[in-house]
$ cat start-v9.cif   # mmCIF, C-alpha atoms
data_structure
#
loop_
_atom_site.label_atom_id
_atom_site.label_comp_id
_atom_site.auth_asym_id
_atom_site.auth_seq_id
_atom_site.Cartn_x
_atom_site.Cartn_y
_atom_site.Cartn_z
CA MET A 297 9.36 -12.82 32.14
CA ASP A 298 7.15 -13.05 35.25
CA ASN A 299 7.35 -9.68 37.03
CA ASN A 300 7.00 -11.44 40.38
CA ARG A 301 10.06 -13.65 40.01
CA PHE A 302 13.75 -13.38 39.15
CA TYR A 303 15.89 -16.07 37.56
CA ALA A 304 19.37 -17.48 38.14
CA ASP A 305 21.33 -19.79 35.85
CA TYR A 306 23.94 -22.23 37.16
CA LEU A 307 26.42 -24.85 36.06
CA ILE A 308 26.51 -27.81 38.44
CA GLU A 309 28.60 -30.97 38.72
CA THR A 310 27.28 -33.94 40.70
CA PRO A 311 27.32 -37.76 40.84
CA LEU A 312 23.55 -37.62 41.47
CA ASP A 313 20.61 -36.95 39.19
CA PRO A 314 20.97 -33.26 38.24
CA MET A 315 17.21 -32.72 38.46
CA GLN A 316 17.26 -34.01 42.03
CA VAL A 317 20.14 -31.67 42.86
CA ALA A 318 18.38 -28.71 41.24
CA GLU A 319 15.37 -29.35 43.50
CA VAL A 320 17.70 -29.39 46.50
CA MET A 321 19.14 -26.05 45.40
CA ALA A 322 15.68 -24.52 45.01
CA GLY A 323 14.57 -25.71 48.42
CA GLU A 324 17.79 -24.73 50.20
CA GLN A 325 17.60 -21.16 48.90
CA SER A 326 13.92 -20.61 49.59
CA CYS A 327 11.61 -22.29 52.09
CA GLY A 328 12.97 -25.82 52.36
CA THR A 329 15.67 -27.90 53.98
CA PHE A 330 16.73 -31.53 53.64
CA VAL A 331 13.43 -32.76 55.21
CA ARG A 332 9.93 -31.26 55.38
CA VAL A 333 9.52 -29.34 58.65
CA GLN A 334 6.52 -28.19 60.68
CA GLY A 335 4.99 -25.08 59.11
CA GLU A 336 6.14 -25.88 55.60
CA THR A 337 2.62 -26.17 54.28
CA GLU A 338 1.63 -26.56 50.65
CA GLN A 339 0.23 -23.04 50.74
CA LEU A 340 3.56 -21.68 51.99
CA ARG A 341 5.51 -23.64 49.40
CA GLU A 342 3.23 -22.39 46.65
CA ARG A 343 3.93 -18.80 47.71
CA ALA A 344 7.59 -18.88 48.71
CA ARG A 345 9.41 -21.82 47.14
CA ALA A 346 11.94 -21.38 44.38
CA VAL A 347 11.09 -23.37 41.25
CA VAL A 348 13.34 -25.38 38.94
CA VAL A 349 12.64 -24.05 35.44
CA SER A 350 14.99 -26.26 33.44
CA VAL A 351 17.86 -28.73 33.68
CA GLU A 352 20.08 -29.39 30.67
CA GLU A 353 22.80 -32.00 31.00
CA THR A 354 26.02 -31.15 29.17
CA GLU A 355 28.76 -33.73 29.80
CA ASN A 356 30.17 -36.31 32.21
CA VAL A 357 33.62 -36.24 33.76
CA ALA A 358 35.46 -39.06 35.51
CA MET A 359 36.90 -37.10 38.42
CA PRO A 360 35.28 -34.55 40.73
CA SER A 361 36.39 -30.95 40.35
CA LEU A 362 36.27 -30.34 44.10
CA PRO A 363 36.71 -32.57 47.17
CA ASN A 364 33.54 -33.46 49.05
CA ALA A 365 33.47 -34.98 52.53
CA TRP A 366 29.68 -35.50 52.47
CA GLN A 367 29.95 -37.66 49.35
CA GLN A 368 32.84 -39.60 50.83
CA ARG A 369 30.69 -40.39 53.86
CA GLN A 370 27.95 -41.57 51.49
CA ASN A 371 30.53 -43.64 49.53
CA MET A 372 29.55 -41.87 46.31
CA HIS A 373 31.56 -42.13 43.13
CA GLY A 374 31.42 -40.89 39.54
CA PRO A 375 30.79 -40.41 36.78
CA TYR A 376 30.16 -36.79 37.62
CA ARG A 377 27.36 -35.23 35.59
CA ARG A 378 27.42 -31.58 34.58
CA ALA A 379 24.26 -29.66 33.82
CA LYS A 380 22.97 -26.15 33.31
CA VAL A 381 20.17 -25.33 35.71
CA ARG A 382 17.72 -22.42 35.73
CA ILE A 383 15.82 -21.61 38.93
CA SER A 384 13.23 -18.89 39.51
CA PHE A 385 12.78 -17.20 42.88
CA PRO A 386 9.85 -15.18 44.26
CA ILE A 387 10.80 -11.51 44.46
CA ASP A 388 8.78 -11.20 47.67
CA ASN A 389 11.29 -13.53 49.39
CA VAL A 390 14.00 -10.90 48.94
CA GLY A 391 12.63 -7.46 48.12
CA ALA A 392 15.01 -4.65 47.17
CA ASN A 393 17.76 -6.04 49.41
CA LEU A 394 21.00 -6.48 47.49
CA PRO A 395 23.00 -8.44 50.12
CA THR A 396 20.09 -10.85 50.55
CA LEU A 397 19.67 -11.16 46.80
CA ALA A 398 23.32 -12.21 46.62
CA ALA A 399 22.87 -14.65 49.49
CA THR A 400 19.83 -16.13 47.74
CA VAL A 401 21.39 -16.76 44.33
CA ALA A 402 24.77 -17.81 45.75
CA GLY A 403 25.31 -18.18 49.49
CA ASN A 404 25.25 -21.74 50.83
CA LEU A 405 24.76 -23.25 47.39
CA PHE A 406 28.53 -23.46 46.97
CA ASP A 407 28.73 -25.67 50.08
CA LEU A 408 26.03 -28.21 49.22
CA GLY A 409 27.10 -31.81 49.71
CA GLU A 410 25.35 -32.89 46.54
CA VAL A 411 27.70 -30.97 44.26
CA THR A 412 31.37 -31.26 43.35
CA GLY A 413 31.11 -28.01 41.42
CA LEU A 414 28.67 -25.12 41.22
CA ARG A 415 28.94 -21.84 39.35
CA LEU A 416 26.48 -18.96 39.14
CA LEU A 417 26.33 -18.06 35.44
CA SER A 418 23.84 -15.22 35.11
CA LEU A 419 20.89 -13.37 36.58
CA SER A 420 17.69 -12.18 34.91
CA LEU A 421 15.66 -9.52 36.68
CA PRO A 422 12.33 -8.09 35.52
CA GLU A 423 12.49 -4.37 34.80
CA SER A 424 10.11 -3.50 37.63
CA TYR A 425 12.41 -5.25 40.12
CA ARG A 426 15.60 -3.79 38.69
CA GLN A 427 14.13 -0.29 39.10
CA GLN A 428 13.92 -0.80 42.87
CA PHE A 429 17.74 -0.73 43.09
CA ASP A 430 20.26 2.03 42.52
CA MET A 431 21.12 3.06 38.99
CA PRO A 432 24.51 4.39 37.91
CA ARG A 433 24.55 8.09 38.79
CA HIS A 434 26.59 8.87 35.68
CA GLY A 435 27.20 5.73 33.62
CA ILE A 436 28.47 6.26 30.08
CA ALA A 437 26.81 9.53 29.10
CA GLY A 438 27.43 11.13 32.48
CA THR A 439 31.08 10.13 32.54
CA ARG A 440 31.59 11.73 29.14
CA LYS A 441 29.87 14.88 30.39
CA LEU A 442 32.20 15.03 33.39
CA VAL A 443 35.21 15.15 31.07
CA GLY A 444 33.59 17.69 28.77
CA GLN A 445 32.54 15.35 25.97
CA SER A 446 29.15 14.95 24.33
CA PRO A 447 27.33 11.62 24.87
CA SER A 448 27.84 10.85 21.16
CA HIS A 449 31.62 11.36 21.26
CA GLN A 450 33.16 8.59 19.14
CA ALA A 451 36.35 7.89 21.06
CA PRO A 452 37.22 6.03 24.23
CA LEU A 453 38.45 7.70 27.39
CA LEU A 454 42.19 7.14 27.24
CA GLY A 455 43.96 6.91 30.55
CA THR A 456 46.61 5.40 32.73
CA ILE A 457 47.37 4.31 36.28
CA ILE A 458 49.68 6.01 38.75
CA LYS A 459 52.91 4.03 38.85
CA PRO A 460 54.82 3.06 40.95
CA ASN A 461 51.77 1.51 42.65
CA VAL A 462 52.90 2.81 46.04
CA GLY A 463 55.85 4.81 47.27
CA LEU A 464 55.38 8.18 45.61
CA SER A 465 54.77 11.14 47.92
CA ALA A 466 51.75 13.35 47.44
CA ALA A 467 53.93 15.96 45.72
CA GLN A 468 55.53 13.36 43.44
CA THR A 469 52.10 12.05 42.56
CA GLY A 470 51.00 15.56 41.71
CA GLU A 471 54.03 16.06 39.47
CA LEU A 472 53.25 12.84 37.61
CA VAL A 473 49.61 13.88 37.19
CA THR A 474 50.76 17.17 35.64
CA GLN A 475 52.87 15.22 33.14
CA LEU A 476 49.97 12.93 32.30
CA CYS A 477 47.54 15.82 31.85
CA GLU A 478 50.02 17.55 29.56
CA ALA A 479 50.37 14.29 27.61
CA GLY A 480 46.67 14.45 26.77
CA VAL A 481 45.06 11.66 28.80
CA ASP A 482 41.37 11.83 29.68
CA PHE A 483 41.51 9.65 32.78
CA ILE A 484 43.98 8.87 35.58
CA LYS A 485 43.47 6.41 38.42
CA ASP A 486 45.15 5.32 41.61
CA ASP A 487 46.32 1.73 41.88
CA GLU A 488 44.07 -0.51 43.95
CA VAL A 489 46.74 -1.00 46.62
CA CYS A 490 47.29 2.73 47.11
CA ALA A 491 44.50 4.21 49.23
CA ASN A 492 45.70 6.09 52.31
CA PRO A 493 49.40 5.22 52.83
CA ALA A 494 51.67 6.98 55.30
CA HIS A 495 53.95 8.29 52.56
CA ALA A 496 51.05 9.91 50.66
CA PRO A 497 47.99 10.37 52.90
CA LEU A 498 44.83 10.53 50.84
CA GLU A 499 43.93 14.04 51.99
CA GLU A 500 47.33 15.39 50.95
CA ARG A 501 47.25 13.45 47.69
CA VAL A 502 43.79 14.68 46.72
CA ARG A 503 44.70 18.31 47.40
CA GLU A 504 48.01 18.07 45.56
CA VAL A 505 46.58 16.26 42.55
CA MET A 506 43.48 18.40 42.18
CA LYS A 507 45.57 21.56 42.41
CA ARG A 508 47.45 20.32 39.33
CA VAL A 509 44.29 19.17 37.53
CA ARG A 510 42.56 22.52 38.08
CA ALA A 511 45.64 24.40 36.87
CA TYR A 512 45.76 22.28 33.73
CA GLN A 513 42.06 22.83 33.07
CA ASP A 514 42.40 26.59 33.51
CA LYS A 515 45.25 26.59 31.00
CA SER A 516 43.93 24.13 28.42
CA GLY A 517 40.18 24.05 28.87
CA ARG A 518 40.36 20.23 29.07
CA ARG A 519 38.90 18.30 31.99
CA VAL A 520 40.78 15.25 33.21
CA MET A 521 39.00 12.71 35.41
CA VAL A 522 40.99 11.31 38.33
CA ALA A 523 39.70 8.22 40.15
CA PHE A 524 40.99 8.50 43.71
CA ASN A 525 41.11 5.19 45.57
CA ILE A 526 39.00 5.85 48.67
CA THR A 527 38.62 2.17 49.65
CA ASP A 528 38.11 2.07 53.42
CA GLU A 529 35.35 1.56 55.97
CA LEU A 530 32.12 3.34 55.08
CA ASP A 531 32.38 6.44 57.27
CA ALA A 532 35.91 7.08 56.03
CA MET A 533 34.85 6.58 52.41
CA ARG A 534 32.11 9.17 52.84
CA ARG A 535 34.61 11.65 54.25
CA HIS A 536 37.06 10.91 51.44
CA ALA A 537 34.35 11.40 48.81
CA GLU A 538 33.34 14.72 50.32
CA LEU A 539 36.98 15.85 50.18
CA VAL A 540 37.29 14.87 46.52
CA GLU A 541 34.12 16.76 45.71
CA ARG A 542 35.23 19.87 47.60
CA GLU A 543 38.49 19.87 45.68
CA GLY A 544 36.66 19.76 42.36
CA GLY A 545 37.16 16.08 41.61
CA SER A 546 34.65 14.02 39.68
CA CYS A 547 35.44 10.37 40.43
CA ILE A 548 36.23 7.98 43.26
CA MET A 549 37.46 4.39 43.05
CA VAL A 550 36.42 1.57 45.35
CA GLY A 551 37.71 -2.00 45.73
CA LEU A 552 34.29 -3.61 45.44
CA ASN A 553 34.96 -7.04 46.90
CA TRP A 554 36.49 -5.70 50.10
CA CYS A 555 33.88 -3.03 50.83
CA GLY A 556 30.71 -4.95 50.04
CA PHE A 557 27.32 -4.25 48.57
CA SER A 558 25.87 -2.32 51.50
CA ALA A 559 28.80 0.08 51.68
CA LEU A 560 28.62 0.74 47.94
CA GLN A 561 24.91 1.40 48.08
CA SER A 562 25.34 3.82 50.97
CA LEU A 563 28.23 5.55 49.23
CA ARG A 564 26.23 5.81 46.00
CA ARG A 565 23.34 7.48 47.81
CA SER A 566 25.55 9.93 49.68
CA SER A 567 27.87 11.00 46.86
CA GLY A 568 27.27 12.56 43.46
CA LEU A 569 30.70 11.53 42.16
CA ALA A 570 31.24 8.87 39.52
CA ILE A 571 32.12 5.54 41.16
CA HIS A 572 34.90 3.57 39.49
CA GLY A 573 34.41 -0.06 40.49
CA HIS A 574 37.61 -2.07 40.79
CA ARG A 575 37.08 -5.82 40.85
CA ASN A 576 40.45 -6.89 42.35
CA GLY A 577 39.95 -10.29 43.97
CA PHE A 578 37.40 -11.42 41.39
CA GLY A 579 39.78 -14.16 40.26
CA MET A 580 39.15 -16.13 43.44
CA MET A 581 35.47 -16.27 42.45
CA SER A 582 35.95 -17.08 38.80
CA ARG A 583 39.10 -18.96 37.83
CA GLN A 584 37.82 -22.46 38.66
CA PRO A 585 35.46 -23.19 35.75
CA VAL A 586 32.87 -24.97 37.91
CA LEU A 587 33.10 -22.85 41.05
CA GLY A 588 32.15 -19.31 41.99
CA MET A 589 30.47 -17.02 39.51
CA SER A 590 30.90 -15.68 36.03
CA PHE A 591 31.51 -11.99 35.39
CA SER A 592 28.00 -11.79 33.92
CA ALA A 593 26.46 -12.59 37.30
CA TYR A 594 29.08 -10.57 39.18
CA GLN A 595 28.55 -7.39 37.19
CA SER A 596 24.77 -7.73 37.48
CA LEU A 597 24.97 -7.62 41.27
CA TRP A 598 27.41 -4.71 41.35
CA ARG A 599 25.44 -2.69 38.82
CA LEU A 600 22.51 -2.87 41.24
CA SER A 601 24.69 -0.99 43.74
CA GLY A 602 25.00 1.95 41.32
CA VAL A 603 28.61 1.79 40.10
CA ASP A 604 29.45 3.74 36.92
CA HIS A 605 32.59 1.89 35.67
CA LEU A 606 33.69 -1.74 35.99
CA HIS A 607 37.07 -3.32 35.25
CA VAL A 608 37.17 -6.15 32.70
CA HIS A 609 40.97 -6.59 32.23
CA GLY A 610 42.23 -6.43 28.63
CA LEU A 611 43.04 -8.42 25.50
CA ASP A 612 46.35 -10.28 25.45
CA GLY A 613 47.11 -8.84 28.89
CA LYS A 614 49.14 -10.05 31.83
CA PHE A 615 46.25 -11.78 33.61
CA SER A 616 44.88 -15.29 33.21
CA GLU A 617 41.63 -14.61 31.38
CA PHE A 618 41.10 -15.64 27.78
CA ASN A 619 40.28 -12.89 25.32
CA ASP A 620 36.74 -14.13 24.75
CA GLU A 621 36.07 -13.81 28.49
CA VAL A 622 37.32 -10.21 28.47
CA VAL A 623 35.19 -9.37 25.46
CA GLN A 624 32.07 -10.92 26.95
CA SER A 625 32.64 -9.01 30.19
CA ALA A 626 32.76 -5.73 28.29
CA ARG A 627 29.63 -6.61 26.35
CA ASP A 628 27.83 -7.43 29.59
CA CYS A 629 28.68 -3.98 30.96
CA LEU A 630 27.38 -2.29 27.81
CA THR A 631 24.09 -4.24 27.77
CA PRO A 632 21.08 -2.82 29.66
CA MET A 633 20.01 -5.18 32.43
CA SER A 634 16.42 -4.69 31.29
CA GLY A 635 17.27 -6.53 28.09
CA GLY A 636 17.37 -3.37 26.02
CA GLU A 637 13.88 -2.12 26.88
CA ASN A 638 14.83 1.21 28.46
CA GLY A 639 18.56 1.28 29.07
CA GLY A 640 20.13 3.82 31.37
CA ASP A 641 21.95 1.37 33.60
CA GLU A 642 24.85 0.53 31.28
CA VAL A 643 28.28 1.00 32.82
CA MET A 644 31.59 1.83 31.17
CA PRO A 645 33.87 -1.20 30.85
CA VAL A 646 37.46 -0.47 31.84
CA PHE A 647 40.18 -2.19 29.81
CA SER A 648 43.64 -2.44 31.39
CA SER A 649 46.58 -4.82 31.80
CA GLY A 650 49.20 -4.54 29.06
CA GLN A 651 47.11 -2.45 26.68
CA TRP A 652 48.75 -0.43 23.90
CA ALA A 653 48.00 0.68 20.35
CA GLY A 654 48.42 -2.86 19.05
CA THR A 655 45.55 -4.26 21.15
CA VAL A 656 43.09 -1.60 19.97
CA PRO A 657 41.83 -3.15 16.68
CA ALA A 658 40.87 -6.47 18.28
CA THR A 659 39.21 -4.63 21.17
CA PHE A 660 37.09 -2.45 18.90
CA ASP A 661 36.27 -5.30 16.50
CA ALA A 662 35.03 -7.43 19.39
CA VAL A 663 33.11 -4.82 21.38
CA LYS A 664 31.95 -2.60 18.47
CA SER A 665 31.91 0.41 20.78
CA THR A 666 34.10 3.31 21.83
CA ASP A 667 32.15 3.71 25.08
CA VAL A 668 35.05 2.32 27.08
CA ILE A 669 37.83 3.49 29.35
CA PHE A 670 41.10 2.25 27.86
CA LEU A 671 43.96 2.30 30.37
CA SER A 672 47.52 1.98 29.15
CA GLY A 673 50.58 2.16 31.37
CA GLY A 674 53.65 1.22 29.39
CA GLY A 675 51.83 1.93 26.14
CA ILE A 676 51.85 5.60 27.16
CA LEU A 677 54.72 6.08 29.58
CA ALA A 678 57.20 3.77 27.81
CA HIS A 679 56.63 5.11 24.30
CA PRO A 680 60.11 5.93 22.96
CA ASP A 681 59.06 9.49 22.09
CA GLY A 682 57.45 10.21 25.44
CA ALA A 683 54.02 10.09 27.05
CA SER A 684 52.40 12.58 24.65
CA ALA A 685 53.41 10.38 21.72
CA GLY A 686 52.08 7.36 23.61
CA VAL A 687 48.67 8.98 23.99
CA ALA A 688 48.73 10.09 20.35
CA SER A 689 49.50 6.53 19.22
CA LEU A 690 46.44 5.26 21.09
CA ARG A 691 44.17 7.91 19.61
CA GLN A 692 45.49 7.12 16.14
CA ALA A 693 44.90 3.41 16.70
CA TRP A 694 41.30 3.95 17.85
CA GLU A 695 40.59 6.25 14.90
CA ALA A 696 41.98 3.62 12.52
CA ALA A 697 39.88 0.88 14.10
CA ARG A 698 36.75 3.00 13.97
CA ASP A 699 37.43 3.88 10.31
CA GLY A 700 38.12 0.27 9.35
CA VAL A 701 41.74 0.99 8.47
CA SER A 702 44.64 -1.26 9.47
CA LEU A 703 47.21 0.07 11.94
CA GLN A 704 49.98 -0.35 9.36
CA GLU A 705 48.10 1.73 6.81
CA ARG A 706 47.25 4.48 9.32
CA ALA A 707 50.82 4.48 10.62
CA ARG A 708 52.08 5.69 7.23
CA HIS A 709 50.69 9.10 8.16
CA ALA A 710 50.88 8.76 11.97
CA PRO A 711 54.49 8.75 13.18
CA GLU A 712 53.57 8.18 16.84
CA LEU A 713 51.64 5.04 15.93
CA GLN A 714 54.46 3.84 13.69
CA ARG A 715 56.97 4.24 16.51
CA ALA A 716 54.68 2.33 18.87
CA LEU A 717 54.36 -0.54 16.40
CA ASP A 718 58.12 -0.64 15.85
CA PHE A 719 58.94 -0.42 19.57
CA PHE A 720 56.28 -2.54 21.29
CA GLY A 721 55.40 -4.98 18.53
CA PRO A 722 58.58 -7.10 18.57
CA ARG A 723 58.64 -7.15 22.39
CA LEU A 724 55.10 -8.48 22.73
CA LYS A 725 55.14 -11.26 20.14
#
$ encode --input "start-v9.cif" --output "structure tokens"
Amino acid sequence: MDNNRFYADYLIETPLDPMQVAEVMAGEQSCGTFVRVQGETEQLRERARAVVVSVEETENVAMPSLPNAWQQRQNMHGPYRRAKVRISFPIDNVGANLPTLAATVAGNLFDLGEVTGLRLLSLSLPESYRQQFDMPRHGIAGTRKLVGQSPSHQAPLLGTIIKPNVGLSAAQTGELVTQLCEAGVDFIKDDEVCANPAHAPLEERVREVMKRVRAYQDKSGRRVMVAFNITDELDAMRRHAELVEREGGSCIMVGLNWCGFSALQSLRRSSGLAIHGHRNGFGMMSRQPVLGMSFSAYQSLWRLSGVDHLHVHGLDGKFSEFNDEVVQSARDCLTPMSGGENGGDEVMPVFSSGQWAGTVPATFDAVKSTDVIFLSGGGILAHPDGASAGVASLRQAWEAARDGVSLQERARHAPELQRALDFFGPRLK
């Protein structure tokens, strides 16, 4: 890979020649426009223009995926040709500027008249360029350290989400956290829609929750990580993070899409806490197969901001994603952006959405790692023998998966797992 350039891969749909469209894309996102202008010399183009590396046609479709007024004015019709396009960009055009990097590889490309579909698939950054951005402060090894585990600990962080999503008072939230700590979870998080509500102001909630977490740690010796949702404007998020740190907390959660790259970078540089990145809203960027961006590209950009954890949904969950998409998202998080040369910027994938003991084997078989945060709501709190049994059933399921033993075989000697299989299994078929 050329250390002076970065690369972006796209899927495009167009009634035109895909190579022609790829050249338009390269010009639009570097030094060109739809006609040559004064000052756009050959020397400037040689230095600053993006370059089409490859175009690979894949299929034709009869109907356009998206409406297009520009093509209607041109009286254009199908067939509509789909192609994978790779473009390289000069690093000097962007520098270590994350918002501008995002604007360069995405930005106005989605609005081009030449396309009836465009999706950013992936990014490739040379190691020297990646090192100019923020790294995860904690990542996988640091997160384990914060909960008192060694980096080589062979089990996921098991956790859950405060439910109801909103409505609980600070004191009620604290009582629930005590129950969850006693049940044996490693990780607890706020819901993404509960940040600083009138019925449980964040300051009150942090103090009440951390009082309970500290008391549990003093009694048990176990550390439980709580991801407080501090999503807000930047100055408020900094204040919230300082409060969490003063109270002995170790993690803050941010709704990435609504705060933006600049705010995350500033928060990363001002706070030593682990940052739990929640991707709510990502569906609007990803659900149309030929529009928006894949999670591979999405997580690349957010990892440059320094997040430590990223949500990937879960297998057989309540959301729209197919299991192979969830698995690939987790693998992306666990893969160094440098292509495995040095590592250090891997982030912990966070599985959630309808997860229970029964979804563990497929998760482990697909990801081949226990370096994950595995969140289970009903799988813990709705276990017929209580939350402690719910947590135990998850641990037993992960141990079975790691040991290559079926859940049914392990359940013969694990009553909590057996009860989970008997209770949840018929309901989820």
$ atom_distance --input "start-v9.cif" --atom1 "atom CA of A:Ala707" --atom2 "atom CA of A:Ala693"
8.6 Å
$ residues_around --input "start-v9.cif" --residues "A:Glu488" --least-positions-apart "6" --cutoff "12 Å" --atoms "all atoms listed in the file" --output "list of chain:residue names"
A:Ile457, A:Ile458, A:Lys459, A:Pro460, A:Asn461, A:Val462, A:Ala523, A:Phe524, A:Asn525, A:Ile526, A:Thr527, A:Asp528, A:Ile548, A:Met549, A:Val550, A:Gly551, A:Leu552, A:Asn553, A:Trp554, A:His572, A:Gly573, A:His574, A:Arg575, A:Asn576, A:Gly577, A:His607
$ atom_distance --input "start-v9.cif" --atom1 "atom CA of A:Asp620" --atom2 "atom CA of A:Ala696"
22.2 Å
$ atom_distance --input "start-v9.cif" --atom1 "atom CA of A:Ser625" --atom2 "atom CA of A:Ser590"
9.0 Å
$ resolve_selection --input "start-v9.cif" --expression "the PyMOL selection byres ((chain A and resi 302-307) around 9)" --output "ChimeraX atom specification"
/A:297-301,308-309,349,378-387,401,413-422,425,586-587,589,593
$ closest_atom_pairs --input "start-v9.cif" --of "stretch 422-458 of chain A" --to "stretch 514-520 of chain A" --cutoff "10 Å" --atoms "only C-alpha atoms" --output "tab-separated table"
residue	atom	partner	partner_atom	distance
A:Lys441	CA	A:Arg519	CA	9.8
A:Leu442	CA	A:Arg519	CA	7.6
A:Val443	CA	A:Arg519	CA	4.9
A:Gly444	CA	A:Arg519	CA	6.2
A:Gln445	CA	A:Arg519	CA	9.2
A:Leu453	CA	A:Val520	CA	9.8
A:Gly455	CA	A:Val520	CA	9.3
$ residues_around --input "start-v9.cif" --residues "stretch 669-677 of chain A" --least-positions-apart "4" --cutoff "7 Å" --atoms "all atoms listed in the file" --output "VMD selection string"
chain A and resid 452 to 457 644 to 648 650 to 652 682 to 683 686 to 687
$ residues_around --input "start-v9.cif" --residues "stretch 323-326 of chain A" --least-positions-apart "5" --cutoff "6 Å" --atoms "only C-alpha atoms" --output "ChimeraX atom specification"
/A:345-346,400
$ resolve_selection --input "start-v9.cif" --expression "the PyMOL selection byres ((chain A and resi 376) around 9)" --output "PyMOL selection string"
chain A and resi 309-312+355-361+373-375+377-378+412
$ residues_around --input "start-v9.cif" --residues "A:Ser684" --least-positions-apart "2" --cutoff "10 Å" --atoms "all atoms listed in the file" --output "list in words"
Gln475, Leu476, Cys477, Glu478, Ala479, Gly480, Val481, Ile676, Leu677, His679, Asp681, Gly682, Gly686, Val687, Ala688, Ser689 and Glu712 of chain A
$ resolve_selection --input "start-v9.cif" --expression "the PyMOL selection byres ((chain A and resi 434) around 9)" --output "number ranges by chain"
A: 431-433, 435-442, 568-571, 603-604, 643
$ residues_around --input "start-v9.cif" --residues "stretch 498-506 of chain A" --least-positions-apart "5" --cutoff "6 Å" --atoms "all atoms listed in the file" --output "NGL selection string"
:A and (466 or 470 or 492)
